[in-house]
Amino acid sequence: MGNGFKVTMNEYLPLRDVVFNTLRQAILKGELEPGERLMEIQLSERLGVSRTPIREAIRKLELEGLVLMIPRKGAEVAKISETSLREVLEVRRSLEELAAELACQRIAESELLDLEEAEAAFAEAIGKGDPMEIAESDEHYHDLIYQATGNSRLVQILNNLREQMYRYRLEYIKDEDKRQILIVEHEHILRALKNHDIQDAKGAVRGHIDNQQLTVSQNIREKEER
């Protein structure tokens, strides 16, 4: 079973939610790997909680599509599939284009400066090569664009989609050949926003997501062939 994750108690949350968040993060970050079985007894010993909140968390994770119930085997971490990747990205592509369009119209000078700083931090993280740091700085860069839309509903939906993308993004970032392309794509988006050029910004975002889909699909296929 993957290392590193444990329950961090939170006085404001019921235990079942804490257990759910812990297991969810462990799956999203790959500490619990696709195909790995989720044994209630082991997890309850490991996390120091009874089996009831574990069972409730597993049921909720199944609803999210992160866990599969296999007849006569029990629960296991859902494998990363091309179909679910495509579904998430089809929705995300449209919403990211909408975010780019609104940000073009609404982004303030101070927000553009923040975005420039975020892009520099992203390039620095790529220079260091730590996948988690790259993922976090990438997330921060996109967050700033979302915030610049001034549309809280859109931000909420994009954040939810991003969580569903977490496993795929780590797959993408692990591919070192693609990291320089990411920098170029981010700079293109930034330039379009500075120029308030809606068509250019939407095209840059579309290309950014299409490349992600190509690479991750290829990685999934290669894994399945092994």
# chains A, B, ... in the order shown; residues from 1 in each chain; ligands from 1
>>> residues_around(residues="A:Ile173", least_positions_apart="6", cutoff="8 Å", atoms="only C-alpha atoms", output="mmCIF file with N, CA, C and O atoms, in the first residue's frame")
data_model
loop_
_atom_site.group_PDB
_atom_site.id
_atom_site.type_symbol
_atom_site.label_atom_id
_atom_site.label_comp_id
_atom_site.auth_asym_id
_atom_site.auth_seq_id
_atom_site.Cartn_x
_atom_site.Cartn_y
_atom_site.Cartn_z
ATOM 1 N N PRO A 131 7.929 16.969 -9.718
ATOM 2 C CA PRO A 131 6.577 16.918 -10.297
ATOM 3 C C PRO A 131 5.500 17.596 -9.452
ATOM 4 O O PRO A 131 4.635 18.284 -9.982
ATOM 5 N N ILE A 134 5.846 21.333 -9.728
ATOM 6 C CA ILE A 134 5.411 21.765 -11.069
ATOM 7 C C ILE A 134 3.879 21.808 -11.104
ATOM 8 O O ILE A 134 3.288 22.781 -11.566
ATOM 9 N N ALA A 135 3.245 20.745 -10.594
ATOM 10 C CA ALA A 135 1.771 20.667 -10.598
ATOM 11 C C ALA A 135 1.170 21.828 -9.808
ATOM 12 O O ALA A 135 0.202 22.459 -10.246
ATOM 13 N N ARG A 179 7.765 19.272 -20.832
ATOM 14 C CA ARG A 179 7.784 20.396 -19.882
ATOM 15 C C ARG A 179 8.103 21.736 -20.540
ATOM 16 O O ARG A 179 7.525 22.754 -20.181
#
>>> closest_atom_pairs(of="stretch 84-192 of chain A", to="stretch 200-206 of chain A", cutoff="9 Å", atoms="only C-alpha atoms", output="CSV")
residue,atom,partner,partner_atom,distance
A:Arg93,CA,A:Arg206,CA,6.2
A:Ser94,CA,A:Arg206,CA,8.4
A:Glu96,CA,A:Val205,CA,6.7
A:Glu97,CA,A:Lys202,CA,4.9
A:Leu98,CA,A:Lys202,CA,7.7
A:Ala99,CA,A:Lys202,CA,8.7
A:Ala100,CA,A:Lys202,CA,5.8
A:Glu101,CA,A:Lys202,CA,6.6
A:Cys104,CA,A:Ala201,CA,7.5
A:Glu185,CA,A:Ala204,CA,6.8
A:His186,CA,A:Ala204,CA,8.3
A:His188,CA,A:Ala204,CA,6.3
A:Ile189,CA,A:Ala201,CA,5.5
A:Leu190,CA,A:Ala201,CA,8.1
A:Arg191,CA,A:Ala201,CA,8.2
A:Ala192,CA,A:Ala201,CA,4.9
>>> residues_around(residues="A:Ile157", least_positions_apart="5", cutoff="9 Å", atoms="only C-alpha atoms", output="ChimeraX atom specification")
/A:95,152,162
>>> closest_residue(among="A:Thr52, A:Gln42, A:Gln164, A:Thr83", to="A:Arg24", atoms="only C-alpha atoms")
A:Gln164
>>> residues_around(residues="A:Val77", least_positions_apart="5", cutoff="7 Å", atoms="only C-alpha atoms", output="mmCIF file with N, CA and C atoms, in the first residue's frame")
data_model
loop_
_atom_site.group_PDB
_atom_site.id
_atom_site.type_symbol
_atom_site.label_atom_id
_atom_site.label_comp_id
_atom_site.auth_asym_id
_atom_site.auth_seq_id
_atom_site.Cartn_x
_atom_site.Cartn_y
_atom_site.Cartn_z
ATOM 1 N N GLU A 33 -2.464 3.483 -5.657
ATOM 2 C CA GLU A 33 -2.308 3.411 -7.116
ATOM 3 C C GLU A 33 -3.519 2.788 -7.811
ATOM 4 N N PRO A 34 -3.738 3.150 -9.091
ATOM 5 C CA PRO A 34 -4.824 2.540 -9.861
ATOM 6 C C PRO A 34 -4.737 1.015 -9.808
ATOM 7 N N GLY A 35 -5.876 0.366 -9.530
ATOM 8 C CA GLY A 35 -5.887 -1.099 -9.456
ATOM 9 C C GLY A 35 -5.602 -1.633 -8.064
ATOM 10 N N GLU A 36 -5.129 -0.764 -7.148
ATOM 11 C CA GLU A 36 -4.813 -1.224 -5.784
ATOM 12 C C GLU A 36 -6.100 -1.487 -5.009
ATOM 13 N N ARG A 37 -6.119 -2.620 -4.277
ATOM 14 C CA ARG A 37 -7.316 -2.966 -3.500
ATOM 15 C C ARG A 37 -7.401 -2.129 -2.231
ATOM 16 N N LEU A 66 -13.769 7.364 -8.442
ATOM 17 C CA LEU A 66 -12.360 7.115 -8.108
ATOM 18 C C LEU A 66 -12.139 5.686 -7.608
ATOM 19 N N VAL A 67 -13.234 5.040 -7.195
ATOM 20 C CA VAL A 67 -13.152 3.666 -6.693
ATOM 21 C C VAL A 67 -14.169 2.818 -7.449
ATOM 22 N N LEU A 68 -13.780 1.575 -7.718
ATOM 23 C CA LEU A 68 -14.687 0.633 -8.372
ATOM 24 C C LEU A 68 -14.981 -0.508 -7.417
#
>>> closest_residue(among="A:Leu85, A:Met132, A:Val91, A:Ala108", to="A:Lys194", atoms="only C-alpha atoms")
A:Ala108
>>> residues_around(residues="A:Arg167", least_positions_apart="2", cutoff="8 Å", atoms="only C-alpha atoms", output="ChimeraX atom specification")
/A:27-30,80,164-165,169-171
>>> write_last_selection(atoms="C-alpha atoms", output="PDB file, in the first residue's frame")
ATOM      1  CA  ILE A  27      -5.771   8.406  -4.800  1.00  0.00           C
ATOM      2  CA  LEU A  28      -5.467  11.728  -6.630  1.00  0.00           C
ATOM      3  CA  LYS A  29      -1.765  11.998  -5.794  1.00  0.00           C
ATOM      4  CA  GLY A  30      -1.100   8.379  -6.709  1.00  0.00           C
ATOM      5  CA  ILE A  80      -7.114   5.792 -15.323  1.00  0.00           C
ATOM      6  CA  GLN A 164     -10.926  15.105 -11.442  1.00  0.00           C
ATOM      7  CA  MET A 165      -7.921  15.898 -13.678  1.00  0.00           C
ATOM      8  CA  ARG A 169      -2.018  15.951 -14.879  1.00  0.00           C
ATOM      9  CA  LEU A 170       0.587  14.133 -12.838  1.00  0.00           C
ATOM     10  CA  GLU A 171       0.887  11.647 -15.707  1.00  0.00           C
TER      11      GLU A 171
END
>>> residues_around(residues="stretch 53-59 of chain A", least_positions_apart="5", cutoff="12 Å", atoms="only C-alpha atoms", output="ChimeraX atom specification")
/A:7,14-24,27,37-48,64-69,74-78
>>> select_by_dssp(residues="stretch 24-202 of chain A", states="strand (DSSP E)", output="list in words")
Val67, Leu68, Met69, Ile70, Gly74, Ala75, Glu76 and Val77 of chain A
>>> write_last_selection(atoms="N, CA and C atoms", output="tab-separated table (two decimals), in the first residue's frame")
chain	number	residue	atom	x	y	z
A	67	VAL	N	-13.23	5.04	-7.20
A	67	VAL	CA	-13.15	3.67	-6.69
A	67	VAL	C	-14.17	2.82	-7.45
A	68	LEU	N	-13.78	1.58	-7.72
A	68	LEU	CA	-14.69	0.63	-8.37
A	68	LEU	C	-14.98	-0.51	-7.42
A	69	MET	N	-16.25	-0.96	-7.40
A	69	MET	CA	-16.57	-2.15	-6.61
A	69	MET	C	-16.54	-3.33	-7.56
A	70	ILE	N	-15.67	-4.29	-7.29
A	70	ILE	CA	-15.53	-5.47	-8.15
A	70	ILE	C	-16.24	-6.64	-7.47
A	74	GLY	N	-14.25	-6.85	-3.94
A	74	GLY	CA	-14.31	-5.66	-3.09
A	74	GLY	C	-13.89	-4.40	-3.84
A	75	ALA	N	-13.46	-3.42	-3.07
A	75	ALA	CA	-13.17	-2.10	-3.65
A	75	ALA	C	-11.74	-2.02	-4.14
A	76	GLU	N	-11.56	-1.34	-5.29
A	76	GLU	CA	-10.20	-1.03	-5.72
A	76	GLU	C	-10.15	0.35	-6.37
A	77	VAL	N	-8.98	0.93	-6.37
A	77	VAL	CA	-8.80	2.24	-6.97
A	77	VAL	C	-9.04	2.13	-8.48
>>> residues_around(residues="A:Leu161", least_positions_apart="6", cutoff="9 Å", atoms="only C-alpha atoms", output="count of residues only")
4
>>> atom_distance(atom1="atom CA of A:His196", atom2="atom CA of A:Leu102")
9.8 Å
>>> closest_residue(among="A:Gln212, A:Asp114, A:Lys174, A:Lys223", to="A:Glu133", atoms="only C-alpha atoms")
A:Lys174
>>> closest_residue(among="A:Ile126, A:Leu182, A:Ala120, A:Ile198", to="A:Ile107", atoms="only C-alpha atoms")
A:Ile198
>>> closest_residue(among="A:Leu112, A:Lys73, A:Asn211, A:Leu193", to="A:Ile181", atoms="only C-alpha atoms")
A:Asn211
>>> closest_residue(among="A:His208, A:Leu214, A:Arg226, A:Ala103", to="A:Asn151", atoms="only C-alpha atoms")
A:Ala103
>>> select_by_dssp(residues="stretch 27-147 of chain A", states="alpha helix (DSSP H)", output="number ranges by chain")
A: 27-28, 40-47, 51-63, 82-106, 109-128, 131-147
